[in-house]
Number of protein chains: 4
Amino acid sequence: MGTPLPPAPAASFASDNAAGVLPEVMAALAEANVGPALAYGADPWTERAAALVGDVLGEPGAQVAFCWGGTGANVVGLQCLLRPWEGVVCPDTAHINVDECGAPERFTGAKLLALPTPDGKLRPEQIQPLLHVVGDEHHVQPRVVSITQSTESGTLYRPDEIAALAEVAHAHDLYLHLDGARLANAAAALGDVRSFTTEAGVDVLTFGATKAGAMYGEAVAFLRPGLGDQVRFVRKQAAQLPSKMRFVAAQFEALLTDDLWVRSADRANGLALLLAHRLAGRPGVEVVRPPEVNSVFLRLPSSAAVAELQEWSFVWDWDVAVHEVRAMTSFATTPDDVERFATGVAAIAARHL
Amino acid sequence: MGTPLPPAPAASFASDNAAGVLPEVMAALAEANVGPALAYGADPWTERAAALVGDVLGEPGAQVAFCWGGTGANVVGLQCLLRPWEGVVCPDTAHINVDECGAPERFTGAKLLALPTPDGKLRPEQIQPLLHVVGDEHHVQPRVVSITQSTESGTLYRPDEIAALAEVAHAHDLYLHLDGARLANAAAALGDVRSFTTEAGVDVLTFGATKAGAMYGEAVAFLRPGLGDQVRFVRKQAAQLPSKMRFVAAQFEALLTDDLWVRSADRANGLALLLAHRLAGRPGVEVVRPPEVNSVFLRLPSSAAVAELQEWSFVWDWDVAVHEVRAMTSFATTPDDVERFATGVAAIAARHL
Amino acid sequence: MGTPLPPAPAASFASDNAAGVLPEVMAALAEANVGPALAYGADPWTERAAALVGDVLGEPGAQVAFCWGGTGANVVGLQCLLRPWEGVVCPDTAHINVDECGAPERFTGAKLLALPTPDGKLRPEQIQPLLHVVGDEHHVQPRVVSITQSTESGTLYRPDEIAALAEVAHAHDLYLHLDGARLANAAAALGDVRSFTTEAGVDVLTFGATKAGAMYGEAVAFLRPGLGDQVRFVRKQAAQLPSKMRFVAAQFEALLTDDLWVRSADRANGLALLLAHRLAGRPGVEVVRPPEVNSVFLRLPSSAAVAELQEWSFVWDWDVAVHEVRAMTSFATTPDDVERFATGVAAIAARHL
Amino acid sequence: MGTPLPPAPAASFASDNAAGVLPEVMAALAEANVGPALAYGADPWTERAAALVGDVLGEPGAQVAFCWGGTGANVVGLQCLLRPWEGVVCPDTAHINVDECGAPERFTGAKLLALPTPDGKLRPEQIQPLLHVVGDEHHVQPRVVSITQSTESGTLYRPDEIAALAEVAHAHDLYLHLDGARLANAAAALGDVRSFTTEAGVDVLTFGATKAGAMYGEAVAFLRPGLGDQVRFVRKQAAQLPSKMRFVAAQFEALLTDDLWVRSADRANGLALLLAHRLAGRPGVEVVRPPEVNSVFLRLPSSAAVAELQEWSFVWDWDVAVHEVRAMTSFATTPDDVERFATGVAAIAARHL
């Protein structure tokens with residue numbers, strides 16, 4: 001069976017949500033635990049954090065609703081845009097389409113109109129053909145275009161690509177929704193966050209915190225006036241209203257102070273690049289595409305190789321048919337973890353050739 | 001306007017969710033922040049905490065699903081029991097009926113069959129008259145009886161009262177659901193938790209943590225085999241599946257260790273009793289009923305008196321028509337807070353006579 | 001057991017939907033069965049019938065949507081007015097509240113805020129107390145007031161009573177919905193239909209046809225511009241879009257021609273009056289209130305008496321506790337049916353004294 | 001512009017629901033209009049017709065629920081099989097997926113897992129790849145396979161093809177649902193109905209009547225014991241319970257007597273074959289595939305040709321990109337209609353070459 005494997009890395013490459021919490025966030029939680037605060041957001045932490053989110057997005061008046069988690073934030077954001085006979089155009093790999101157990105459809109009543117893409121990125125020309133049903137009562141009416149940035153496939157939309165989607169959407173009275181579960185990684189990779197959100201014409205977005213190093217909590221930001229008018233009711237009815245909300249807000253405050261969220265994501269992105277570099281050209285290992293953010297998609301020689309890797313240091317299957325797995329870095333990953341993981345992957349691949 | 005008011009108490013009497021987090025819980029969160037852990041509950045904290053919940057309830061095999069918050073936990077628990085043409089018999093003061101913005105109905109499709117009560121407590125004889133529609137397709141079919149312990153009115157069911165409800169429910173193929181947002185206060189007041197849950201015939205309950213001193217997180221416990229078989233899917237679709245679940249579990253572990261949850265609630269209950277005692281017989285103040293847990297319902301001479309109290313130390317209106325407010329204690333309340341609050345209330349009441 | 005009963009009447013007094021179809025309506029169906037017609041309402045019958053409904057209601061531009069049945073029409077009309085976190089204020093005896101198996105809540109997601117009444121009629125002063133929750137995210141937001149005319153209790157709102165409800169509703173940005181399953185009986189009793197609908201401020205109504213002598217088919221009429229803008233999609237998604245719609249429309253055309261619907265209802269109303277008259281003062285029979293439309297509520301000496309009546313000529317229990325049944329007349333009832341039924345009721349009552 | 005067109009045919013080729021009602025059905029409606037009958041199916045017509053449906057399907061004990069229309073019947077049938085976190089595998093051309101404005105998802109909460117097919121027919125090997133998510137809470141759980149017979153593309157499953165789908169479905173604890181809006185055409189083409197329904201392992205089906213010559217009304221038939229146990233409540237809550245149900249039942253009785261439904265469909269099928277034959281080889285006209293039932297798909301030289309055809313005798317676009325339209329025959333089509341239509345199509349095509 002070849003050379004013995006090194007000890008598995010301390011960090012998990014299974015997902016960025018396998019990491020714990022950034023120390024600055026933990027400190028903020030402890031600091032927020034002083035005295036009483038009215039529940040449900042009537043507290044100064046929430047007011048400050050909501051303003052910070054707006055500032056970061058370059059839309060100071062943005063309505064911001066803190067929620068529990070990512071699926072909940074997507075559900076709340078989409079519900080504000082949709083009536084139940086309407087539809088959401090999205091890539092078929094979208095988290096809302098395949099990883100939320102039908103929550104968006106169940107809650108909104110709307111239908112996801114999922115389209116194939118080569119890389120998790122929707123193209124403007126895919127929208128137009130869906131619009132010939134507009135006005136016909138027999139068909140779900142397209143109302144939202146939903147994209148993920150960075151995508152579930154580890155790819156990035158350039159700002160002009162999002163702007164082009166927004167243009168088509170708005171020209172036909174559709175909204176552009178952005179699932180930003182990994183907004184931080186995109187912001188780190190692209191150098192800023194406004195260029196591909198507010199400035200590109202995004203109407204509503206989920207601002208991810210958990211994968212950026214928070215313990216829990218996400219935000220929905222409405223970048224166009226009026227869209228969030230009913231969000232208070234939507235959020236409560238969706239069971240997404242945190243009672244002791246100051247603790248969600250405090251985490252956002254910590255993350256958005258001194259660009260902590262972007263710096264942490266940048267570190268994760270860099271380590272994914274390092275991992276890809278270390279594995280490039282190793283026999284039996286195919287790096288599917290150069291990482292753009294914090295995921296590396298790897299093909300191994302066989303399902304037996306994948307199984308051995310999972311046994312040694314768990315990663316999720318991505319495409320069983322081609323023995324592809326996804327390895328993710330996070331703020332908690334160290335260069336040593338990467339070296340160790342790369343060594344193990346290479347060793348496992350080599351002996352399954 | 002009479003004597004000047006003392007400084008307002010440091011604690012808030014507005015609600016037990018205005019308190020922060022117990023120090024032991026904060027410590028547990030910090031301790032859980034070590035290394036990676038697979039998300040969504042595939043971690044040792046979750047396994048341990050779920051077992052603890054079962055042990056505490058005297059049903060070691062109980063299926064336990066950690067959720068984000070109280071409304072979410074109620075929705076998840078009820079959905080496991082209901083088909084959409086069925087109904088939930090509950091007091092009209094139930095949190096699920098009046099404080100969750102319709103979340104239970106929206107998510108389950110079912111109808112709440114809300115009944116008036118003098119004290120927030122359903123009586124067995126109220127169920128029978130609803131059953132004459134069983135089998136008739138024109139009418140929603142009663143399937144669940146839902147009670148809250150301790151109730152929204154600050155009252156308590158005795159174990160035999162719950163057992164009597166369970167008996168009627170089960171005799172007609174209905175389930176008994178218990179919203180335990182303040183389970184700790186009831187357990188403290190009644191001396192144990194099993195006598196009025198598992199032993200009384202409760203089928204499913206929400207095990208409250210937030211009001212007992214957690215930062216966030218609640219649990220649904222299924223006390224009868226089979227009822228929770230689908231809860232994994234229900235919870236995910238309801239957007240109630242925490243990703244970094246170890247941090248919810250760690251809080252439960254802290255709370256359930258050495259009876260911390262009950263001891264903290266007992267302290268809160270005692271301070272409510274103290275508050276009622278201090279206000280008894282004060283001119284212009286009516287203590288509506290002797291507190292059984294951690295809430296004191298007070299009637300003041302006028303709405304102007306209520307307004308002045310709210311300005312000084314905020315409490316929520318309970319019944320505007322009779323100038324009734326609700327004052328709540330929590331683990332974070334001190335005897336000094338109580339003395340100060342009582343003094344202020346008495347002073348305000350006196351000058352509005 | 002006393003004197004033998006006469007033969008049971010040919011007509012059923014169980015409900016007005018136990019009657020068949022008016023001959024003029026049957027003729028219209030046959031006449032409409034000529035050649036092809038595009039489905040789903042793109043046909044001249046539908047255009048004509050929709051215009052007729054608007055004319056009859058005094059709102060020629062009213063948007064009119066034909067549906068399959070009464071529950072469906074209520075669902076469609078309410079859905080056009082509601083978002084899922086909103087509520088419908090209605091009497092607790094409302095058909096939408098107790099006889100539609102939860103369809104309105106299930107489909108709209110909204111909650112019915114049901115209020116007790118002595119006679120099935122909502123009062124304006126009952127609305128105000130529900131409005132203190134407006135703007136509070138924890139509570140369902142009242143948006144619609146729904147009344148039934150004639151009511152499920154066989155009573156009538158006077159035009160000014162409906163106008164008063166509309167005034168309160170509109171003053172608080174609520175809509176007034178009217179379930180007109182027995183609109184014809186009300187129109188017959190009150191002398192016209194506009195005074196208590198369009199002129200009284202009703203926003204949306206269900207225009208009942210089935211109980212007025214049609215085979216099937218109801219209509220939703222929107223009396224205020226804009227409210228029905230999405231009804232096409234709502235109706236289709238609610239599975240309430242008839243394919244061969246000309247046959248629904250043809251029935252409406254027949255009913256609304258020469259006031260057939262009102263004349264038929266007037267006949268039914270008159271026979272209810274006759275029945276009440278024949279039973280007045282008969283030993284053991286209490287006519288609960290003078291009939292205003294086509295139902296007579298009768299109390300008999302015992303449940304055994306009720307059972308014997310049901311065996312002889314079936315009627316539905318109304319209030320088992322007081323041995324009350326409901327007897328209904330329809331266009332198909334004859335004076336001879338009434339005489340025979342009255343004789344039987346009196347005989348049964350007499351021998352159960 | 002070439003030779004003048006002949007007068008348009010009397011029949012419409014737009015859809016089989018553009019036809020009226022079979023004379024035998026009209027007669028049955030008139031005959032059923034005698035005296036009273038209890039509403040909602042408590043009448044002898046309904047009992048007889050339900051038994052007939054079971055007999056025709058070879059499952060005398062089948063539970064049969066009459067509904068208003070096709071979308072409603074699909075919704076009711078699927079709801080009986082599904083919990084909201086489950087999914088329905090179907091061809092992406094399925095009526096439930098593209099022509100019901102999202103009604104199945106809206107009502108059941110479940111998700112349609114739509115797959116591409118070359119001809120509207122699902123293959124057994126398409127199901128397996130969807131099953132790797134079974135048990136994983138993040139993903140909708142496949143529970144139903146839904147097919148249409150004859151398909152929306154005018155094709156037919158052979159009995160063994162359906163049996164193969166049923167085998168895969170049942171092996172994985174899924175149900176097989178069949179949308180039989182055009183069951184009659186399939187039965188006529190295949191020689192019987194049992195071989196591809198009951199005998200092939202179909203669990204639940206919609207038994208179409210409207211397109212077979214009824215005025216309105218469809219049926220859901222449950223071919224496996226227990227599946228329809230809750231259908232009474234489902235149907236009522238879905239607003240699909242006809243009040244004067246005898247008139248739905250009477251139509252079914254007429255259609256199923258002496259094979260009227262199959263004979264009428266056979267006639268329609270034959271005329272589609274005639275139409276294809278008349279158009280074969282005509283310049284500019286491509287008959288996309290030999291008709292298997294009552295639809296003929298035609299490609300014309302240009303969109304201008306299509307527009308001219310639609311102006312002369314309306315048919316619906318099927319695939320705008322390739323100038324494809326669908327022409328349908330029905331029981332009401334005559335050979336003369338076909339000759340006239342073929343002549344017109346050929347003439348229009350010729351002058352657009």
# chains A, B, ... in the order shown; residues from 1 in each chain; ligands from 1
call {"tool": "closest_atom_pairs", "arguments": {"of": "chain A", "to": "chain C", "cutoff": "6 Å", "atoms": "only C-alpha atoms", "output": "CSV"}}
result
residue,atom,partner,partner_atom,distance
A:Glu137,CA,C:Phe233,CA,4.9
A:Arg232,CA,C:Glu137,CA,5.7
A:Phe233,CA,C:Glu137,CA,4.9
call {"tool": "write_last_selection", "arguments": {"atoms": "C-alpha atoms", "output": "PDB file, in the first residue's frame"}}
result
ATOM      1  CA  GLU A 137     -51.502  32.335 -16.738  1.00  0.00           C
ATOM      2  CA  ARG A 232     -39.939  42.392   9.436  1.00  0.00           C
ATOM      3  CA  PHE A 233     -43.041  40.294   9.003  1.00  0.00           C
TER       4      PHE A 233
END
call {"tool": "residues_around", "arguments": {"residues": "His277 of chain D", "least_positions_apart": "6", "cutoff": "10 Å", "atoms": "only C-alpha atoms", "output": "PyMOL selection string"}}
result
chain D and resi 271+287+290-291+342
call {"tool": "write_last_selection", "arguments": {"atoms": "N, CA, C and O atoms", "output": "mmCIF file, in the first residue's frame"}}
result
data_model
loop_
_atom_site.group_PDB
_atom_site.id
_atom_site.type_symbol
_atom_site.label_atom_id
_atom_site.label_comp_id
_atom_site.auth_asym_id
_atom_site.auth_seq_id
_atom_site.Cartn_x
_atom_site.Cartn_y
_atom_site.Cartn_z
ATOM 1 N N LEU D 271 -58.384 10.539 -36.984
ATOM 2 C CA LEU D 271 -58.362 11.762 -37.799
ATOM 3 C C LEU D 271 -56.999 12.446 -37.733
ATOM 4 O O LEU D 271 -56.595 13.112 -38.685
ATOM 5 N N VAL D 287 -44.114 16.830 -41.050
ATOM 6 C CA VAL D 287 -44.825 16.164 -39.952
ATOM 7 C C VAL D 287 -43.747 15.590 -39.032
ATOM 8 O O VAL D 287 -42.988 14.695 -39.423
ATOM 9 N N PRO D 290 -44.835 10.482 -36.798
ATOM 10 C CA PRO D 290 -46.157 9.906 -37.062
ATOM 11 C C PRO D 290 -47.000 9.997 -35.795
ATOM 12 O O PRO D 290 -46.527 9.663 -34.715
ATOM 13 N N PRO D 291 -48.220 10.494 -35.904
ATOM 14 C CA PRO D 291 -49.040 10.655 -34.697
ATOM 15 C C PRO D 291 -49.346 9.298 -34.059
ATOM 16 O O PRO D 291 -49.672 8.332 -34.753
ATOM 17 N N ALA D 342 -56.008 20.405 -43.846
ATOM 18 C CA ALA D 342 -54.805 19.964 -44.553
ATOM 19 C C ALA D 342 -54.593 20.807 -45.803
ATOM 20 O O ALA D 342 -53.471 21.223 -46.118
#
call {"tool": "closest_residue", "arguments": {"among": "B:Val262, B:Ala166, B:Leu223, B:Ala321", "to": "Leu183 of chain B", "atoms": "only C-alpha atoms"}}
result
B:Val262
call {"tool": "residues_around", "arguments": {"residues": "Leu5 of chain C", "least_positions_apart": "2", "cutoff": "8 Å", "atoms": "only C-alpha atoms", "output": "PyMOL selection string"}}
result
chain C and resi 3+7+344+347-348
call {"tool": "write_last_selection", "arguments": {"atoms": "N, CA and C atoms", "output": "JSON list (two decimals), in the first residue's frame"}}
result
[["chain", "number", "residue", "atom", "x", "y", "z"],
["C", 3, "THR", "N", -99.59, 9.42, 15.34],
["C", 3, "THR", "CA", -100.11, 9.27, 13.99],
["C", 3, "THR", "C", -98.97, 8.98, 13.02],
["C", 7, "PRO", "N", -96.09, 10.96, 3.58],
["C", 7, "PRO", "CA", -94.91, 10.70, 2.75],
["C", 7, "PRO", "C", -93.98, 11.92, 2.82],
["C", 344, "GLY", "N", -95.00, 16.98, 8.74],
["C", 344, "GLY", "CA", -94.15, 15.94, 9.32],
["C", 344, "GLY", "C", -93.40, 16.44, 10.54],
["C", 347, "ALA", "N", -95.70, 16.74, 13.46],
["C", 347, "ALA", "CA", -96.12, 15.43, 13.98],
["C", 347, "ALA", "C", -95.00, 14.81, 14.80],
["C", 348, "ILE", "N", -93.79, 14.90, 14.27],
["C", 348, "ILE", "CA", -92.65, 14.31, 14.99],
["C", 348, "ILE", "C", -92.44, 15.04, 16.31]]
call {"tool": "select_by_dssp", "arguments": {"residues": "segment 89-262 of chain B", "states": "strand (DSSP E or B)", "output": "number ranges by chain"}}
result
B: 89-91, 111-115, 141-148, 175-180, 204-207, 218-222
call {"tool": "select_by_dssp", "arguments": {"residues": "segment 244-330 of chain A", "states": "alpha helix (DSSP H)", "output": "compact mmCIF listing (two decimals) with N, CA and C atoms, in the first residue's frame"}}
result
# COMPACT_ATOMS: atom_id res chain seq x y z
N ARG A 246 -28.64 41.16 19.74
CA ARG A 246 -27.37 41.86 19.89
C ARG A 246 -26.18 40.94 19.61
N PHE A 247 -26.35 39.64 19.87
CA PHE A 247 -25.21 38.74 19.69
C PHE A 247 -24.94 38.43 18.21
N VAL A 248 -25.96 38.50 17.40
CA VAL A 248 -25.72 38.42 15.95
C VAL A 248 -25.03 39.70 15.49
N ALA A 249 -25.59 40.81 15.93
CA ALA A 249 -25.06 42.11 15.48
C ALA A 249 -23.62 42.29 15.91
N ALA A 250 -23.31 41.88 17.13
CA ALA A 250 -21.93 42.06 17.62
C ALA A 250 -20.94 41.31 16.74
N GLN A 251 -21.34 40.16 16.26
CA GLN A 251 -20.45 39.41 15.38
C GLN A 251 -20.23 40.14 14.06
N PHE A 252 -21.29 40.69 13.51
CA PHE A 252 -21.14 41.46 12.27
C PHE A 252 -20.23 42.65 12.50
N GLU A 253 -20.43 43.29 13.64
CA GLU A 253 -19.59 44.46 13.93
C GLU A 253 -18.11 44.05 13.96
N ALA A 254 -17.84 42.94 14.62
CA ALA A 254 -16.44 42.49 14.69
C ALA A 254 -15.90 42.17 13.30
N LEU A 255 -16.72 41.48 12.51
CA LEU A 255 -16.25 41.05 11.19
C LEU A 255 -16.00 42.23 10.26
N LEU A 256 -16.86 43.24 10.38
CA LEU A 256 -16.76 44.36 9.43
C LEU A 256 -15.79 45.44 9.90
N LEU A 260 -11.94 42.70 8.84
CA LEU A 260 -11.61 41.37 9.32
C LEU A 260 -12.17 40.28 8.41
N TRP A 261 -13.43 40.45 7.98
CA TRP A 261 -14.07 39.43 7.14
C TRP A 261 -13.30 39.19 5.85
N VAL A 262 -12.80 40.30 5.24
CA VAL A 262 -12.09 40.16 3.97
C VAL A 262 -10.69 39.60 4.20
N ARG A 263 -10.04 40.07 5.25
CA ARG A 263 -8.70 39.57 5.51
C ARG A 263 -8.71 38.07 5.80
N SER A 264 -9.69 37.65 6.55
CA SER A 264 -9.77 36.22 6.86
C SER A 264 -10.05 35.39 5.61
N ALA A 265 -10.92 35.92 4.79
CA ALA A 265 -11.24 35.21 3.55
C ALA A 265 -10.05 35.21 2.60
N ASP A 266 -9.33 36.29 2.60
CA ASP A 266 -8.17 36.39 1.73
C ASP A 266 -7.14 35.32 2.10
N ARG A 267 -6.98 35.14 3.38
CA ARG A 267 -6.08 34.10 3.86
C ARG A 267 -6.54 32.71 3.38
N ALA A 268 -7.84 32.47 3.50
CA ALA A 268 -8.38 31.18 3.05
C ALA A 268 -8.18 31.02 1.55
N ASN A 269 -8.46 32.07 0.80
CA ASN A 269 -8.27 32.01 -0.65
C ASN A 269 -6.82 31.67 -0.99
N GLY A 270 -5.90 32.33 -0.29
CA GLY A 270 -4.48 32.11 -0.57
C GLY A 270 -4.07 30.67 -0.30
N LEU A 271 -4.62 30.11 0.72
CA LEU A 271 -4.24 28.73 1.05
C LEU A 271 -4.84 27.74 0.05
N ALA A 272 -5.97 28.08 -0.52
CA ALA A 272 -6.51 27.22 -1.58
C ALA A 272 -5.58 27.24 -2.79
N LEU A 273 -5.07 28.41 -3.08
CA LEU A 273 -4.12 28.55 -4.19
C LEU A 273 -2.86 27.73 -3.91
N LEU A 274 -2.40 27.83 -2.68
CA LEU A 274 -1.23 27.05 -2.28
C LEU A 274 -1.49 25.55 -2.44
N LEU A 275 -2.66 25.14 -2.02
CA LEU A 275 -2.99 23.72 -2.12
C LEU A 275 -2.99 23.26 -3.57
N ALA A 276 -3.60 24.06 -4.41
CA ALA A 276 -3.63 23.71 -5.84
C ALA A 276 -2.21 23.63 -6.39
N HIS A 277 -1.40 24.59 -5.97
CA HIS A 277 -0.01 24.63 -6.43
C HIS A 277 0.73 23.36 -6.00
N ARG A 278 0.55 22.99 -4.77
CA ARG A 278 1.25 21.81 -4.25
C ARG A 278 0.82 20.52 -4.96
N LEU A 279 -0.42 20.52 -5.45
CA LEU A 279 -0.93 19.29 -6.05
C LEU A 279 -0.78 19.25 -7.56
N SER A 303 -12.56 5.59 -7.09
CA SER A 303 -13.39 5.79 -5.90
C SER A 303 -12.72 5.20 -4.67
N ALA A 304 -11.88 4.22 -4.87
CA ALA A 304 -11.14 3.68 -3.73
C ALA A 304 -10.18 4.75 -3.19
N ALA A 305 -9.58 5.50 -4.07
CA ALA A 305 -8.69 6.58 -3.62
C ALA A 305 -9.47 7.63 -2.85
N VAL A 306 -10.64 7.96 -3.37
CA VAL A 306 -11.48 8.93 -2.67
C VAL A 306 -11.84 8.42 -1.27
N ALA A 307 -12.21 7.17 -1.22
CA ALA A 307 -12.59 6.59 0.08
C ALA A 307 -11.42 6.63 1.06
N GLU A 308 -10.26 6.36 0.55
CA GLU A 308 -9.10 6.37 1.45
C GLU A 308 -8.83 7.80 1.95
N LEU A 309 -8.96 8.75 1.03
CA LEU A 309 -8.77 10.14 1.44
C LEU A 309 -9.81 10.54 2.48
N GLN A 310 -11.05 10.15 2.24
CA GLN A 310 -12.11 10.53 3.19
C GLN A 310 -11.87 9.92 4.57
N GLU A 311 -11.31 8.72 4.54
CA GLU A 311 -10.99 8.04 5.81
C GLU A 311 -9.91 8.80 6.56
N TRP A 312 -8.96 9.28 5.80
CA TRP A 312 -7.79 9.94 6.40
C TRP A 312 -8.09 11.38 6.83
call {"tool": "residues_around", "arguments": {"residues": "Arg123 of chain D", "least_positions_apart": "2", "cutoff": "12 Å", "atoms": "only C-alpha atoms", "output": "VMD selection string"}}
result
chain D and resid 89 to 91 115 to 121 125 to 129 145 to 147 157 to 158 160 to 169
call {"tool": "atom_distance", "arguments": {"atom1": "atom CA of Asp259 of chain C", "atom2": "atom CA of Ala188 of chain C"}}
result
9.8 Å
call {"tool": "closest_residue", "arguments": {"among": "C:Pro60, C:Pro6, C:Pro335, C:Pro159", "to": "Ala200 of chain C", "atoms": "only C-alpha atoms"}}
result
C:Pro159
call {"tool": "closest_residue", "arguments": {"among": "C:Ala332, C:Leu190, C:Ala327, C:Gln79", "to": "Phe314 of chain C", "atoms": "only C-alpha atoms"}}
result
C:Ala327
call {"tool": "residues_around", "arguments": {"residues": "His170 of chain C", "least_positions_apart": "6", "cutoff": "10 Å", "atoms": "only C-alpha atoms", "output": "VMD selection string"}}
result
chain C and resid 143 to 145 164 176 201 to 203
call {"tool": "write_last_selection", "arguments": {"atoms": "N, CA and C atoms", "output": "PDB file, in the first residue's frame"}}
result
ATOM      1  N   ARG C 143     -55.759  42.512   7.464  1.00  0.00           N
ATOM      2  CA  ARG C 143     -55.779  43.156   6.135  1.00  0.00           C
ATOM      3  C   ARG C 143     -57.140  43.084   5.466  1.00  0.00           C
ATOM      4  N   VAL C 144     -57.942  42.101   5.820  1.00  0.00           N
ATOM      5  CA  VAL C 144     -59.231  41.911   5.158  1.00  0.00           C
ATOM      6  C   VAL C 144     -60.306  41.709   6.225  1.00  0.00           C
ATOM      7  N   VAL C 145     -61.458  42.300   5.978  1.00  0.00           N
ATOM      8  CA  VAL C 145     -62.660  41.954   6.743  1.00  0.00           C
ATOM      9  C   VAL C 145     -63.536  41.138   5.803  1.00  0.00           C
ATOM     10  N   ALA C 164     -71.020  50.559   7.062  1.00  0.00           N
ATOM     11  CA  ALA C 164     -70.289  50.908   8.288  1.00  0.00           C
ATOM     12  C   ALA C 164     -69.045  50.031   8.441  1.00  0.00           C
ATOM     13  N   LEU C 176     -62.682  45.017   2.272  1.00  0.00           N
ATOM     14  CA  LEU C 176     -63.917  44.337   2.653  1.00  0.00           C
ATOM     15  C   LEU C 176     -64.265  43.281   1.605  1.00  0.00           C
ATOM     16  N   GLY C 201     -69.479  49.717  -0.459  1.00  0.00           N
ATOM     17  CA  GLY C 201     -68.032  49.753  -0.288  1.00  0.00           C
ATOM     18  C   GLY C 201     -67.352  48.395  -0.272  1.00  0.00           C
ATOM     19  N   VAL C 202     -68.067  47.354  -0.679  1.00  0.00           N
ATOM     20  CA  VAL C 202     -67.416  46.038  -0.781  1.00  0.00           C
ATOM     21  C   VAL C 202     -66.322  46.099  -1.845  1.00  0.00           C
ATOM     22  N   ASP C 203     -65.164  45.513  -1.555  1.00  0.00           N
ATOM     23  CA  ASP C 203     -64.050  45.554  -2.500  1.00  0.00           C
ATOM     24  C   ASP C 203     -64.029  44.351  -3.435  1.00  0.00           C
TER      25      ASP C 203
END
call {"tool": "residues_around", "arguments": {"residues": "Ala30 of chain C", "least_positions_apart": "6", "cutoff": "12 Å", "atoms": "only C-alpha atoms", "output": "VMD selection string"}}
result
(chain C and resid 23 to 24 246 to 247 250 to 251 254) or (chain D and resid 20 to 30 215)
call {"tool": "write_last_selection", "arguments": {"atoms": "C-alpha atoms", "output": "mmCIF file, in the first residue's frame"}}
result
data_model
loop_
_atom_site.group_PDB
_atom_site.id
_atom_site.type_symbol
_atom_site.label_atom_id
_atom_site.label_comp_id
_atom_site.auth_asym_id
_atom_site.auth_seq_id
_atom_site.Cartn_x
_atom_site.Cartn_y
_atom_site.Cartn_z
ATOM 1 C CA PRO C 23 -84.394 24.547 -16.541
ATOM 2 C CA GLU C 24 -83.241 27.833 -18.068
ATOM 3 C CA ARG C 246 -68.048 28.860 -21.955
ATOM 4 C CA PHE C 247 -70.226 26.457 -19.989
ATOM 5 C CA ALA C 250 -73.447 30.404 -20.232
ATOM 6 C CA GLN C 251 -74.974 29.550 -16.873
ATOM 7 C CA ALA C 254 -78.940 32.535 -18.111
ATOM 8 C CA GLY D 20 -67.809 21.067 -26.736
ATOM 9 C CA VAL D 21 -69.540 18.164 -25.055
ATOM 10 C CA LEU D 22 -70.522 14.762 -26.427
ATOM 11 C CA PRO D 23 -74.276 14.480 -27.021
ATOM 12 C CA GLU D 24 -74.486 11.401 -24.798
ATOM 13 C CA VAL D 25 -72.897 13.416 -21.993
ATOM 14 C CA MET D 26 -75.318 16.296 -22.472
ATOM 15 C CA ALA D 27 -78.172 13.819 -22.316
ATOM 16 C CA ALA D 28 -76.806 12.328 -19.105
ATOM 17 C CA LEU D 29 -76.628 15.769 -17.526
ATOM 18 C CA ALA D 30 -80.241 16.419 -18.386
ATOM 19 C CA MET D 215 -68.190 19.365 -19.945
#
call {"tool": "residues_around", "arguments": {"residues": "Arg224 of chain D", "least_positions_apart": "2", "cutoff": "10 Å", "atoms": "only C-alpha atoms", "output": "VMD selection string"}}
result
chain D and resid 59 61 to 63 175 198 201 to 204 221 to 222 226 to 228
call {"tool": "closest_residue", "arguments": {"among": "C:Glu324, C:Asp55, C:Glu152, C:Asp336", "to": "Asp92 of chain C", "atoms": "only C-alpha atoms"}}
result
C:Glu152
call {"tool": "decode", "arguments": {"residues": "segment 301-306 of chain D", "atoms": "C-alpha atoms", "output": "short mmCIF file (atom, residue, chain, number, x, y, z; two decimals), in the first residue's frame"}}
result
data_model
loop_
_atom_site.label_atom_id
_atom_site.label_comp_id
_atom_site.auth_asym_id
_atom_site.auth_seq_id
_atom_site.Cartn_x
_atom_site.Cartn_y
_atom_site.Cartn_z
CA PRO D 301 -41.25 27.18 -43.48
CA SER D 302 -41.25 30.34 -41.38
CA SER D 303 -42.83 32.18 -38.53
CA ALA D 304 -44.76 34.15 -41.11
CA ALA D 305 -46.30 30.92 -42.30
CA VAL D 306 -47.22 30.02 -38.75
#
